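*Asks:* Below is the file final03.cif, which contains mmCIF, C-alpha atoms.
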data_input
loop_
_atom_site.label_atom_id
_atom_site.label_comp_id
_atom_site.auth_asym_id
_atom_site.auth_seq_id
_atom_site.Cartn_x
_atom_site.Cartn_y
_atom_site.Cartn_z
CA MET A 257 -10.66 11.53 -17.15
CA HIS A 258 -8.29 14.27 -16.07
CA GLU A 259 -10.91 16.94 -16.74
CA THR A 260 -12.93 15.62 -13.82
CA CYS A 261 -10.16 14.55 -11.45
CA GLY A 262 -9.92 18.01 -9.94
CA CYS A 263 -6.17 18.39 -10.10
CA GLN A 264 -4.67 21.75 -11.00
CA GLY A 265 -2.71 20.18 -13.82
CA ALA A 266 -5.87 19.43 -15.74
CA SER A 267 -8.19 22.19 -14.55
CA MET A 268 -9.28 24.75 -17.10
CA GLN A 269 -7.94 28.23 -16.64
CA GLU A 270 -8.60 31.21 -18.84
CA GLY A 271 -5.32 32.74 -19.97
CA ARG A 272 -4.13 36.22 -19.16
CA GLN A 273 -4.91 38.92 -21.67
CA VAL A 274 -2.31 39.18 -24.42
CA PRO A 275 -2.55 42.16 -26.77
CA GLN A 276 -3.71 41.04 -30.21
CA THR A 277 -1.60 42.34 -33.05
CA ASP A 278 -0.78 41.46 -36.63
CA ALA A 279 2.74 42.84 -36.30
CA PRO A 280 5.52 40.21 -36.26
CA MET A 281 7.22 39.58 -32.91
CA LYS A 282 10.45 41.50 -32.49
CA GLY A 283 13.74 40.26 -31.08
CA ASP A 284 15.72 37.09 -31.61
CA THR A 285 13.25 34.28 -32.09
CA SER A 286 15.69 31.86 -33.73
CA SER A 287 15.67 28.29 -32.46
CA GLN A 288 18.42 27.27 -30.06
CA LEU A 289 17.67 23.58 -30.52
CA ARG A 290 20.78 21.70 -31.62
CA GLN A 291 19.73 18.05 -31.51
CA TRP A 292 17.07 15.49 -32.34
CA PRO A 293 15.31 13.55 -30.82
CA LEU A 294 14.14 15.29 -27.65
CA GLN A 295 11.74 12.92 -25.92
CA LEU A 296 13.40 11.24 -22.94
CA HIS A 297 12.36 7.74 -24.08
CA LEU A 298 14.02 8.38 -27.44
CA VAL A 299 17.27 10.15 -26.57
CA GLY A 300 20.50 8.15 -26.26
CA PRO A 301 23.00 9.03 -23.53
CA GLN A 302 25.82 8.11 -25.92
CA ALA A 303 24.85 10.93 -28.34
CA PRO A 304 27.75 13.38 -28.79
CA TYR A 305 25.62 16.39 -27.83
CA PHE A 306 25.10 14.96 -24.33
CA GLN A 307 28.77 14.39 -23.52
CA GLY A 308 29.78 16.86 -20.80
CA ALA A 309 26.67 18.91 -21.61
CA ASP A 310 24.52 21.15 -19.50
CA LEU A 311 21.30 19.14 -19.67
CA LEU A 312 17.89 20.76 -19.65
CA LEU A 313 15.15 18.33 -18.59
CA ALA A 314 11.89 20.10 -19.37
CA ALA A 315 8.31 19.10 -18.81
CA ASP A 316 6.43 19.01 -22.12
CA CYS A 317 4.32 22.11 -21.42
CA VAL A 318 7.18 24.39 -20.40
CA ALA A 319 8.30 25.48 -23.84
CA TYR A 320 4.72 26.53 -24.72
CA ALA A 321 4.22 28.49 -21.51
CA LEU A 322 7.51 30.38 -21.43
CA GLY A 323 7.82 33.03 -24.11
CA ASN A 324 11.62 33.20 -24.15
CA PHE A 325 12.32 29.50 -23.60
CA HIS A 326 14.87 29.24 -26.41
CA ALA A 327 16.88 32.37 -25.64
CA ALA A 328 16.76 32.23 -21.84
CA TYR A 329 16.99 28.50 -21.13
CA LEU A 330 17.69 26.32 -24.17
CA GLN A 331 20.66 28.29 -25.46
CA GLY A 332 23.87 26.37 -24.81
CA ARG A 333 22.07 23.34 -23.38
CA SER A 334 21.14 19.87 -24.55
CA LEU A 335 17.50 18.97 -24.10
CA ALA A 336 15.29 16.10 -22.98
CA ILE A 337 11.53 16.44 -22.53
CA ALA A 338 8.99 14.33 -20.68
CA CYS A 339 5.59 14.49 -19.03
CA PRO A 340 5.54 13.08 -15.51
CA LYS A 341 1.73 12.92 -15.55
CA LEU A 342 1.04 11.08 -18.80
CA ASP A 343 4.19 9.26 -19.86
CA GLU A 344 4.49 5.53 -19.19
CA GLU A 345 7.42 3.42 -17.97
CA GLN A 346 8.90 6.22 -15.92
CA ASP A 347 11.34 3.93 -14.14
CA SER A 348 13.23 3.80 -17.41
CA TYR A 349 13.48 7.61 -17.21
CA VAL A 350 15.43 7.22 -13.98
CA GLN A 351 17.82 4.77 -15.64
CA LYS A 352 18.21 7.07 -18.66
CA LEU A 353 19.01 10.06 -16.43
CA LYS A 354 21.43 7.93 -14.42
CA ALA A 355 23.22 7.00 -17.66
CA LEU A 356 23.38 10.67 -18.63
CA LEU A 357 25.02 11.41 -15.27
CA GLU A 358 27.45 8.51 -15.23
CA GLU A 359 28.20 7.77 -18.88
CA ALA A 360 27.60 11.05 -20.70
CA LYS A 361 29.05 12.83 -17.65
CA ILE A 362 26.74 15.82 -18.00
CA ASN A 363 28.05 19.01 -16.39
CA THR A 364 24.82 20.31 -14.83
CA LEU A 365 21.15 19.32 -14.75
CA THR A 366 18.41 21.94 -14.99
CA VAL A 367 14.90 20.65 -14.36
CA MET A 368 12.13 22.88 -15.73
CA ILE A 369 8.59 22.14 -14.64
CA MET A 370 5.22 23.84 -14.54
CA GLU A 371 3.85 25.07 -11.22
CA VAL A 372 1.06 22.45 -11.20
CA PRO A 373 1.58 19.78 -8.50
CA CYS A 374 1.79 16.77 -10.83
CA CYS A 375 4.78 18.30 -12.59
CA THR A 376 6.83 17.83 -9.41
CA GLY A 377 7.04 14.19 -10.51
CA LEU A 378 9.71 15.17 -13.03
CA LEU A 379 11.83 16.73 -10.28
CA ASN A 380 11.38 13.57 -8.22
CA LEU A 381 12.59 11.42 -11.13
CA ALA A 382 15.68 13.62 -11.48
CA ARG A 383 16.32 13.44 -7.73
CA ARG A 384 16.02 9.65 -7.76
CA ALA A 385 18.49 9.41 -10.63
CA MET A 386 20.93 11.69 -8.78
CA GLU A 387 20.60 9.68 -5.56
CA GLU A 388 21.17 6.40 -7.37
CA SER A 389 24.05 7.75 -9.43
CA SER A 390 27.65 7.48 -8.27
CA ARG A 391 28.29 10.83 -9.93
CA LYS A 392 26.65 14.05 -8.70
CA VAL A 393 26.29 17.34 -10.57
CA PRO A 394 24.74 20.69 -9.64
CA MET A 395 20.96 20.57 -10.14
CA LYS A 396 18.81 23.61 -10.75
CA LEU A 397 15.02 23.83 -10.54
CA VAL A 398 13.05 26.29 -12.67
CA ILE A 399 9.31 26.49 -12.03
CA VAL A 400 7.15 28.14 -14.67
CA GLY A 401 3.73 29.57 -13.91
CA ARG A 402 0.63 28.96 -16.02
CA ASP A 403 0.81 32.66 -16.93
CA GLY A 404 4.28 32.14 -18.42
CA GLY A 405 6.18 33.78 -15.56
CA VAL A 406 9.18 32.19 -13.82
CA ARG A 407 8.20 31.35 -10.23
CA GLN A 408 11.56 29.96 -9.13
CA ASP A 409 15.04 29.64 -10.61
CA ALA A 410 17.39 28.21 -7.99
CA TRP A 411 19.96 25.52 -7.28
CA VAL A 412 18.48 22.66 -5.32
CA ASN A 413 21.48 20.58 -4.20
CA MET B 65 30.37 57.91 -24.05
CA LYS B 66 31.95 57.56 -20.64
CA ASP B 67 32.27 60.60 -18.39
CA ALA B 68 35.99 60.84 -17.53
CA VAL B 69 35.27 62.64 -14.25
CA VAL B 70 32.86 59.94 -13.12
CA GLU B 71 35.25 57.20 -14.23
CA SER B 72 38.05 58.74 -12.13
CA VAL B 73 35.75 58.74 -9.08
CA LEU B 74 34.76 55.09 -9.63
CA GLU B 75 38.46 54.18 -9.87
CA ARG B 76 39.35 55.82 -6.52
CA GLY B 77 40.18 53.70 -3.50
CA ILE B 78 37.23 53.58 -1.10
CA LYS B 79 39.47 54.15 1.92
CA ASP B 80 40.77 57.43 0.49
CA VAL B 81 37.24 58.52 -0.26
CA ILE B 82 36.09 57.72 3.29
CA ARG B 83 39.09 59.51 4.78
CA GLU B 84 38.14 62.67 2.87
CA HIS B 85 34.39 62.22 3.35
CA PRO B 86 33.74 60.34 6.63
CA ASP B 87 29.99 60.82 6.18
CA LEU B 88 30.16 58.50 3.15
CA GLY B 89 31.66 55.81 5.39
CA GLU B 90 28.72 56.29 7.75
CA LEU B 91 26.28 56.13 4.83
CA LEU B 92 27.83 52.86 3.61
CA ALA B 93 27.65 51.43 7.14
CA THR B 94 23.92 52.11 7.29
CA HIS B 95 23.57 49.87 4.22
CA ASP B 96 25.71 47.10 5.81
CA VAL B 97 28.75 47.98 3.71
CA GLY B 98 31.55 47.95 6.27
CA CYS B 99 34.37 49.61 4.28
CA ALA B 100 35.06 52.12 7.05
CA GLY B 101 36.01 49.32 9.42
CA CYS B 102 37.67 47.02 6.88
CA GLU B 103 41.34 46.33 7.59
CA MET B 104 42.37 45.86 3.96
CA GLY B 105 40.33 48.57 2.29
CA SER B 106 42.06 48.47 -1.08
CA CYS B 107 38.82 48.15 -3.08
CA ARG B 108 37.87 50.77 -5.62
CA VAL B 109 34.55 52.61 -5.39
CA ARG B 110 33.41 50.68 -8.48
CA ASP B 111 34.11 47.30 -6.85
CA VAL B 112 32.37 48.24 -3.62
CA MET B 113 29.23 49.19 -5.49
CA VAL B 114 29.24 45.98 -7.55
CA VAL B 115 30.37 43.45 -4.95
CA HIS B 116 27.94 44.24 -2.14
CA PRO B 117 24.43 42.81 -2.50
CA LEU B 118 22.60 46.13 -2.49
CA ALA B 119 19.07 46.66 -3.69
CA ASP B 120 18.85 48.92 -6.73
CA GLY B 121 17.32 51.69 -4.63
CA GLU B 122 20.14 51.55 -2.10
CA ARG B 123 22.78 51.63 -4.81
CA THR B 124 21.12 54.67 -6.39
CA VAL B 125 21.10 56.56 -3.08
CA ILE B 126 24.77 55.80 -2.34
CA LEU B 127 25.96 56.62 -5.87
CA GLY B 128 23.95 59.84 -5.74
CA ARG B 129 25.70 60.92 -2.54
CA ILE B 130 29.13 59.92 -3.84
CA GLY B 131 28.50 61.90 -7.01
CA ALA B 132 27.23 64.93 -5.13
CA GLU B 133 30.29 65.04 -2.87
CA LEU B 134 33.09 63.94 -5.20
CA CYS B 135 32.04 65.23 -8.60
CA PRO B 136 29.23 67.79 -8.33
CA GLY B 137 27.47 68.24 -11.64
CA HIS B 138 28.40 64.75 -12.87
CA ALA B 139 25.71 62.21 -12.08
CA ILE B 140 26.82 58.66 -11.19
CA THR B 141 24.17 56.06 -11.95
CA ALA B 142 23.94 52.29 -11.52
CA ASP B 143 23.93 51.67 -15.29
CA MET B 144 27.58 52.80 -15.34
CA LEU B 145 28.50 49.69 -13.32
CA PRO B 146 29.00 46.14 -14.58
CA LEU B 147 26.06 44.74 -12.60
CA ARG B 148 25.03 41.21 -13.44
CA ASN B 149 22.54 40.38 -10.75
CA SER B 150 19.41 39.56 -12.69
CA PRO B 151 16.15 39.52 -10.71
CA ALA B 152 16.00 35.73 -11.07
CA ALA B 153 19.44 35.37 -9.50
CA VAL B 154 18.78 37.58 -6.49
CA GLY B 155 17.83 35.73 -3.34
CA ARG B 156 18.70 32.25 -4.53
CA PRO B 157 20.83 30.09 -2.25
CA TYR B 158 24.53 29.55 -2.92
CA SER B 159 25.40 27.53 -6.00
CA PRO B 160 26.41 23.93 -5.13
CA PRO B 161 30.21 24.45 -5.31
CA VAL B 162 30.03 27.66 -3.27
CA ALA B 163 27.72 25.87 -0.82
CA MET B 164 30.51 23.28 -0.38
CA LEU B 165 32.85 26.08 0.75
CA VAL B 166 30.20 27.51 3.09
CA ASP B 167 29.80 24.03 4.63
CA GLU B 168 33.57 23.90 5.18
CA HIS B 169 33.30 27.33 6.83
CA ARG B 170 30.77 25.84 9.27
CA LEU B 171 33.29 23.23 10.37
CA ILE B 172 36.03 25.84 10.71
CA LYS B 173 33.71 28.12 12.73
CA ARG B 174 33.08 25.28 15.19
CA VAL B 175 36.83 25.24 15.82
CA LEU B 176 37.03 29.04 16.11
CA ARG B 177 34.42 28.97 18.89
CA LEU B 178 36.77 26.76 20.96
CA LEU B 179 39.88 28.90 20.61
CA PRO B 180 39.22 31.19 23.62
CA THR B 181 39.24 28.06 25.83
CA LEU B 182 42.45 26.81 24.24
CA ARG B 183 44.01 30.26 24.66
CA ARG B 184 43.07 30.29 28.37
CA ARG B 185 44.60 26.86 28.87
CA LEU B 186 47.82 27.92 27.18
CA LEU B 187 48.08 31.01 29.38
CA GLN B 188 47.40 28.88 32.49
CA ASN B 189 50.13 26.44 31.38
CA ASP B 190 47.52 23.71 31.44
CA TRP B 191 49.40 20.64 30.10
CA ARG B 192 46.46 19.72 27.82
CA GLY B 193 46.85 23.00 25.93
CA TRP B 194 50.04 22.08 24.09
CA GLY B 195 48.64 18.79 22.79
CA HIS B 196 45.55 20.53 21.46
CA ALA B 197 47.65 23.34 20.01
CA GLY B 198 49.62 20.80 17.95
CA GLU B 199 46.44 19.14 16.74
CA LEU B 200 44.94 22.52 15.89
CA LEU B 201 48.01 23.30 13.78
CA VAL B 202 47.42 20.12 11.77
CA PHE B 203 43.74 21.06 11.22
CA VAL B 204 44.54 24.60 10.18
CA ARG B 205 47.34 23.64 7.82
CA SER B 206 45.80 20.58 6.20
CA PHE B 207 42.11 21.55 6.13
CA SER B 208 41.59 25.31 6.53
CA ASP B 209 44.55 26.29 4.38
CA ALA B 210 45.80 23.51 2.07
CA HIS B 211 42.32 22.11 1.39
CA HIS B 212 39.87 24.99 1.79
CA HIS B 213 41.78 28.18 0.95
CA MET B 214 43.49 26.53 -2.00
CA LYS B 215 40.08 25.53 -3.40
CA GLU B 216 39.18 29.21 -3.26
CA GLU B 217 42.45 30.54 -4.64
CA ASP B 218 43.27 27.93 -7.29
CA VAL B 219 39.76 27.17 -8.49
CA LEU B 220 36.92 29.52 -7.53
CA PHE B 221 38.74 32.85 -7.86
CA SER B 222 40.12 31.85 -11.26
CA TYR B 223 36.58 31.79 -12.64
CA VAL B 224 35.73 35.40 -11.78
CA ASP B 225 36.97 38.80 -12.90
CA SER B 226 40.66 38.65 -12.03
CA ARG B 227 40.87 42.46 -12.22
CA ALA B 228 38.48 42.83 -9.32
CA ASP B 229 40.25 44.08 -6.23
CA VAL B 230 38.02 41.98 -4.02
CA VAL B 231 39.74 38.81 -5.27
CA GLN B 232 43.17 40.23 -4.49
CA VAL B 233 41.92 41.37 -1.08
CA MET B 234 40.77 37.83 -0.27
CA LYS B 235 44.14 36.39 -1.34
CA ASP B 236 45.98 39.02 0.74
CA GLU B 237 43.78 38.15 3.70
CA HIS B 238 44.72 34.48 3.34
CA GLU B 239 48.37 35.55 3.59
CA ILE B 240 47.59 37.39 6.83
CA GLY B 241 46.14 34.17 8.23
CA ARG B 242 49.22 32.21 7.15
CA ARG B 243 51.44 34.71 9.02
CA TYR B 244 49.43 34.22 12.22
CA ILE B 245 49.75 30.46 11.86
CA ARG B 246 53.52 30.66 11.30
CA ARG B 247 53.76 32.69 14.52
CA PHE B 248 51.60 30.12 16.30
CA ALA B 249 53.79 27.25 15.04
CA GLU B 250 56.98 29.02 16.17
CA ALA B 251 55.48 29.66 19.60
CA ILE B 252 54.51 25.98 19.94
CA GLU B 253 58.04 24.95 19.05
CA LYS B 254 59.48 27.29 21.70
CA ARG B 255 56.74 26.40 24.20
CA ASP B 256 56.08 30.15 24.45
CA SER B 257 52.55 30.13 25.84
CA PHE B 258 52.07 33.91 25.75
CA SER B 259 53.03 34.20 22.05
CA ALA B 260 50.97 31.12 21.18
CA ALA B 261 47.92 32.56 22.94
CA GLU B 262 48.41 35.92 21.25
CA ALA B 263 48.81 34.36 17.78
CA ILE B 264 45.76 32.16 18.15
CA GLU B 265 43.59 35.06 19.30
CA SER B 266 44.73 37.17 16.32
CA TYR B 267 43.97 34.23 14.04
CA ARG B 268 40.50 33.75 15.56
CA VAL B 269 39.55 37.42 15.20
CA TRP B 270 40.91 37.58 11.64
CA LEU B 271 39.31 34.35 10.41
CA THR B 272 35.92 35.10 11.98
CA ALA B 273 35.74 38.40 10.08
CA HIS B 274 37.17 36.84 6.91
CA ILE B 275 34.59 34.03 6.80
CA LYS B 276 31.74 36.49 7.40
CA LYS B 277 33.03 38.64 4.54
CA GLU B 278 33.16 35.65 2.20
CA ASP B 279 29.77 34.20 3.19
CA ASP B 280 27.90 37.51 3.14
CA ILE B 281 29.59 39.46 0.36
CA VAL B 282 32.24 37.72 -1.74
CA PHE B 283 30.50 34.40 -2.39
CA PRO B 284 27.13 35.95 -3.37
CA TRP B 285 29.05 38.31 -5.67
CA ILE B 286 30.89 35.39 -7.25
CA ASP B 287 27.65 33.42 -7.63
CA ARG B 288 26.06 36.30 -9.48
CA GLN B 289 28.88 36.17 -12.03
CA LEU B 290 29.01 32.43 -12.60
CA THR B 291 27.27 30.87 -15.58
CA ASP B 292 25.68 27.47 -15.02
CA ARG B 293 28.43 26.00 -17.21
CA ARG B 294 31.09 27.31 -14.83
CA VAL B 295 29.14 26.19 -11.75
CA GLY B 296 29.28 22.64 -13.12
CA MET B 297 32.99 22.87 -13.90
CA ILE B 298 33.90 24.24 -10.46
CA PHE B 299 31.73 21.61 -8.79
CA ALA B 300 33.50 18.82 -10.72
CA THR B 301 36.92 20.22 -9.80
CA PHE B 302 35.98 20.47 -6.13
CA ARG B 303 34.79 16.85 -6.18
CA ASP B 304 38.13 15.83 -7.73
CA VAL B 305 39.97 17.72 -4.98
CA ASN B 306 37.81 16.00 -2.35
CA ASP B 307 38.41 12.58 -3.93
CA ARG B 308 42.17 13.17 -4.01
CA SER B 309 42.15 14.20 -0.36
CA GLY B 310 40.64 10.82 0.57
CA ASP B 311 38.78 10.88 3.85
CA LEU B 312 40.26 14.20 5.02
CA ASP B 313 36.84 15.77 5.60
CA VAL B 314 35.67 12.77 7.64
CA ARG B 315 38.86 12.71 9.72
CA MET B 316 38.69 16.46 10.31
CA SER B 317 35.01 16.30 11.32
CA MET B 318 35.84 13.56 13.81
CA TRP B 319 38.73 15.60 15.17
CA VAL B 320 36.48 18.67 15.59
CA GLU B 321 33.97 16.56 17.56
CA ALA B 322 36.75 15.26 19.80
CA PHE B 323 38.17 18.77 20.20
CA GLU B 324 34.73 20.05 21.26
CA ARG B 325 34.48 17.28 23.88
CA ASP B 326 37.97 18.01 25.20
CA MET B 327 37.38 21.73 25.41
CA ARG B 328 34.22 21.15 27.44
CA GLY B 329 36.07 18.87 29.84
#
Take the structure in the file and give it back as structure tokens.
*Replies:*
Amino acid sequence: MHETCGCQGASMQEGRQVPQTDAPMKGDTSSQLRQWPLQLHLVGPQAPYFQGADLLLAADCVAYALGNFHAAYLQGRSLAIACPKLDEEQDSYVQKLKALLEEAKINTLTVMIMEVPCCTGLLNLARRAMEESSRKVPMKLVIVGRDGGVRQDAWVN
Amino acid sequence: MKDAVVESVLERGIKDVIREHPDLGELLATHDVGCAGCEMGSCRVRDVMVVHPLADGERTVILGRIGAELCPGHAITADMLPLRNSPAAVGRPYSPPVAMLVDEHRLIKRVLRLLPTLRRRLLQNDWRGWGHAGELLVFVRSFSDAHHHMKEEDVLFSYVDSRADVVQVMKDEHEIGRRYIRRFAEAIEKRDSFSAAEAIESYRVWLTAHIKKEDDIVFPWIDRQLTDRRVGMIFATFRDVNDRSGDLDVRMSMWVEAFERDMRG
């Protein structure tokens, strides 16, 4: 269905050329993940790793697109992932984020999305939660390109 | 291995350097670094090069000239400085807590724009002047100083490199402002219109330059140093301060609107 809908989020795009090599990747590739689960429907705001945390709310595709996702963005943060295009019952996402703001008292919220238009839905969910919450925190938006580059990394409130 | 000669140059006070080499002051001015005209001028060369939002190319040119004039044969390069402005950080807007302070600056600047009219009224012994002068004193003491400057001094500055001269310069500048306000308060008490007008003009000139320095140079420098963790902590502290102050910001905004109407009348 999405293959024919014409939206950028589903359109086929040949990737940029990446040198092929058998040599192992250099540098720190260790995981910075410090929790489970990750999916926004599954996470519980009462979990200890969310209390006072810097929360990273990432669209599902982000971690695959961005080569240094763990070192540059996940390190030191708690994580929740979601897809604003395919996931169902997204109103519950707003309530979950509101609980993370008010009950877990997260310190900051970083929303990471892909540059495709449908991904903006995740930012809108985060904005709705912030508007409905009695507690505000600094919110940052990181937009990742389909070529794996960072298009934007800026505070948005 | 650090070059001791270069290190001694980077540690020198920028004012001394400009006094000996006025052309360096002119060079800095062409890159919007106003050290030659700065009243405080206690920053070290190192701080000046780190604090100002220069492009890498600009910084290289300036350091090259400083090296050529102060320590020929010893190259000074940008990698000798503790620069933390990553490409992703450059050009972004203020972080939310710093943006709160910039918003407060906007309110204060609205008041500063009205001070020439107030000064004229005081000098003309216009009876309305003294009433407004008293109200202004309340605004300056409760909002500009107790609320705003204390947020900077007690919270924001404590999260950045306390060794940096620029932080001390900002605190010293706040003291200058407090001296002008004490003079203004004494003049009001004595109904000395000339001294009141003089104090308020000095305050206006000082605070206009001080706010510009913070908005254009100090705040972007601080933002480049802050981790997201610290941004969240400062933001939460500022919100606590705002909550404790009740409706101060609302009352002060309403007073500024009334002050603007009165000054037009």
*Asks:* Please tabulate, as CSV, the residues of chain B that come within 8 Å of chain A, each with its closest pair of atoms and the distance in Å to one decimal, counting only C-alpha atoms and ordering rows by chain, then residue number upward.
*Replies:*
residue,atom,partner,partner_atom,distance
B:Ala152,CA,A:Asp409,CA,6.2
B:Ala153,CA,A:Asp409,CA,7.3
B:Arg156,CA,A:Ala410,CA,5.5
B:Pro157,CA,A:Trp411,CA,6.9
B:Tyr158,CA,A:Trp411,CA,7.5
B:Ser159,CA,A:Trp411,CA,5.9
B:Pro160,CA,A:Pro394,CA,5.8
B:Pro161,CA,A:Pro394,CA,7.9
B:Asp292,CA,A:Thr364,CA,7.2
B:Arg293,CA,A:Asp310,CA,6.6
B:Val295,CA,A:Pro394,CA,7.4
B:Gly296,CA,A:Asn363,CA,5.0
B:Met297,CA,A:Asn363,CA,6.7
B:Phe299,CA,A:Pro394,CA,7.1
B:Ala300,CA,A:Val393,CA,7.4
*Asks:* So that I can check the surroundings of Ser348 of chain A, please list as a short mmCIF file (atom, residue, chain, number, x, y, z; two decimals) with C-alpha atoms, keeping the file's coordinate frame every protein, DNA and RNA residue that reaches within 10 Å of it, counting all atoms listed in the file and ignoring chain neighbours fewer than 3 positions away.
*Replies:*
data_model
loop_
_atom_site.label_atom_id
_atom_site.label_comp_id
_atom_site.auth_asym_id
_atom_site.auth_seq_id
_atom_site.Cartn_x
_atom_site.Cartn_y
_atom_site.Cartn_z
CA LEU A 296 13.40 11.24 -22.94
CA HIS A 297 12.36 7.74 -24.08
CA GLU A 344 4.49 5.53 -19.19
CA GLU A 345 7.42 3.42 -17.97
CA GLN A 351 17.82 4.77 -15.64
CA LYS A 352 18.21 7.07 -18.66
CA LEU A 353 19.01 10.06 -16.43
CA LYS A 354 21.43 7.93 -14.42
CA LEU A 381 12.59 11.42 -11.13
#
*Asks:* Quick check on the file I pasted: which residues fall under the PyMOL selection byres ((chain A and resi 334) around 12)? Write them as a ChimeraX atom specification.
*Replies:* /A:288-296,299-301,303-314,326,329-333,335-337,356,360,362-367
*Asks:* For the file shown, report as a VMD selection string the outcome of the PyMOL selection byres ((chain A and resi 370) around 8) at residue level.
*Replies:* chain A and resid 315 317 to 318 368 to 369 371 to 372 375 399 to 402
*Asks:* Print the selection's residues with C-alpha atoms to a file, as an mmCIF file, in the frame of the given file.
*Replies:*
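Below is the file that was written, out.cif:
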data_model
loop_
_atom_site.group_PDB
_atom_site.id
_atom_site.type_symbol
_atom_site.label_atom_id
_atom_site.label_comp_id
_atom_site.auth_asym_id
_atom_site.auth_seq_id
_atom_site.Cartn_x
_atom_site.Cartn_y
_atom_site.Cartn_z
ATOM 1 C CA ALA A 315 8.310 19.100 -18.810
ATOM 2 C CA CYS A 317 4.320 22.110 -21.420
ATOM 3 C CA VAL A 318 7.180 24.390 -20.400
ATOM 4 C CA MET A 368 12.130 22.880 -15.730
ATOM 5 C CA ILE A 369 8.590 22.140 -14.640
ATOM 6 C CA GLU A 371 3.850 25.070 -11.220
ATOM 7 C CA VAL A 372 1.060 22.450 -11.200
ATOM 8 C CA CYS A 375 4.780 18.300 -12.590
ATOM 9 C CA ILE A 399 9.310 26.490 -12.030
ATOM 10 C CA VAL A 400 7.150 28.140 -14.670
ATOM 11 C CA GLY A 401 3.730 29.570 -13.910
ATOM 12 C CA ARG A 402 0.630 28.960 -16.020
#
*Asks:* Between atom CA of Leu91 of chain B and atom CA of Arg129 of chain B, what distance in Å does the model show, to one decimal?
*Replies:*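 Computing it gives 8.8 Å between the two atoms.
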*Asks:* To one decimal place in Å, what is the distance between atom CA of Leu397 of chain A and atom CA of Phe221 of chain B?
*Replies:*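 Straight-line distance from atom CA of Leu397 of chain A to atom CA of Phe221 of chain B works out to 25.5 Å.
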*Asks:* Report as a PyMOL selection string all protein, DNA and RNA residues lying within 12 Å of Phe248 of chain B, evaluated on all atoms listed in the file, omitting residues in the same chain fewer than 2 positions from it.
*Replies:* chain B and resi 183+186+194+197-198+200-202+204-205+241-246+250-268
*Asks:* Any chance you could resolve the PyMOL selection byres ((chain B and resi 320-323) around 8) against this file and give the residues as a PDB file with C-alpha atoms, in the frame of the given file?
*Replies:*
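Once everything was written out, this is part.pdb:
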ATOM      1  CA  LEU B 171      33.290  23.230  10.370  1.00  0.00           C
ATOM      2  CA  ARG B 174      33.080  25.280  15.190  1.00  0.00           C
ATOM      3  CA  VAL B 175      36.830  25.240  15.820  1.00  0.00           C
ATOM      4  CA  HIS B 196      45.550  20.530  21.460  1.00  0.00           C
ATOM      5  CA  MET B 316      38.690  16.460  10.310  1.00  0.00           C
ATOM      6  CA  SER B 317      35.010  16.300  11.320  1.00  0.00           C
ATOM      7  CA  MET B 318      35.840  13.560  13.810  1.00  0.00           C
ATOM      8  CA  TRP B 319      38.730  15.600  15.170  1.00  0.00           C
ATOM      9  CA  GLU B 324      34.730  20.050  21.260  1.00  0.00           C
ATOM     10  CA  ARG B 325      34.480  17.280  23.880  1.00  0.00           C
ATOM     11  CA  ASP B 326      37.970  18.010  25.200  1.00  0.00           C
ATOM     12  CA  MET B 327      37.380  21.730  25.410  1.00  0.00           C
TER      13      MET B 327
END
*Asks:* In Å to one decimal, how far is atom CA of Asp403 of chain A from atom CA of Gln269 of chain A?
*Replies:*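 Distance reported for this atom pair: 9.8 Å.
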*Asks:* Fewer than 6 positions away in the same chain doesn't count, so skip those; otherwise give me all residues within 12 Å of Asp284 of chain A, counting all atoms listed in the file, as a list in words.
*Replies:* Gly323, Asn324, Phe325, His326, Ala327, Ala328 and Gln331 of chain A
*Asks:* Tell me which of B:Arg83, B:His213, B:Val314, B:Ala93 sits closest to Val166 of chain B, counting all atoms listed in the file.
*Replies:* B:His213
*Asks:* So which residues touch Cys102 of chain B within 10 Å, counting all atoms listed in the file, skipping near sequence neighbours fewer than 6 positions away, as an MDAnalysis selection string?
*Replies:* chainID B and resid 79 273 277
*Asks:* Which of these residues is nearest to Met113 of chain B, using only C-alpha atoms: B:Leu145, B:Leu88, B:Cys99, B:Val69?
*Replies:* B:Leu145
*Asks:* Could you list, as a PyMOL selection string, every residue within 12 Å of Arg123 of chain B, counting only C-alpha atoms and ignoring same-chain residues fewer than 3 positions away?
*Replies:* chain B and resi 91-92+95-97+109-110+112-120+126-131+140-145+147
*Asks:* With C-alpha atoms as the atom set, please write segment 313-324 of chain A from the structure just given, as a PDB file, in the first residue's frame.
*Replies:*
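The resulting file, result_21.pdb, is reproduced below:
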ATOM      1  CA  LEU A 313      12.313   9.386  21.794  1.00  0.00           C
ATOM      2  CA  ALA A 314      13.492   7.954  18.487  1.00  0.00           C
ATOM      3  CA  ALA A 315      11.613   6.962  15.379  1.00  0.00           C
ATOM      4  CA  ASP A 316      12.205   3.283  14.595  1.00  0.00           C
ATOM      5  CA  CYS A 317      14.369   3.920  11.519  1.00  0.00           C
ATOM      6  CA  VAL A 318      16.757   6.386  13.146  1.00  0.00           C
ATOM      7  CA  ALA A 319      19.118   3.923  14.762  1.00  0.00           C
ATOM      8  CA  TYR A 320      19.599   2.125  11.416  1.00  0.00           C
ATOM      9  CA  ALA A 321      20.249   5.317   9.480  1.00  0.00           C
ATOM     10  CA  LEU A 322      22.670   6.996  11.865  1.00  0.00           C
ATOM     11  CA  GLY A 323      26.054   5.306  12.055  1.00  0.00           C
ATOM     12  CA  ASN A 324      27.041   6.644  15.473  1.00  0.00           C
TER      13      ASN A 324
END
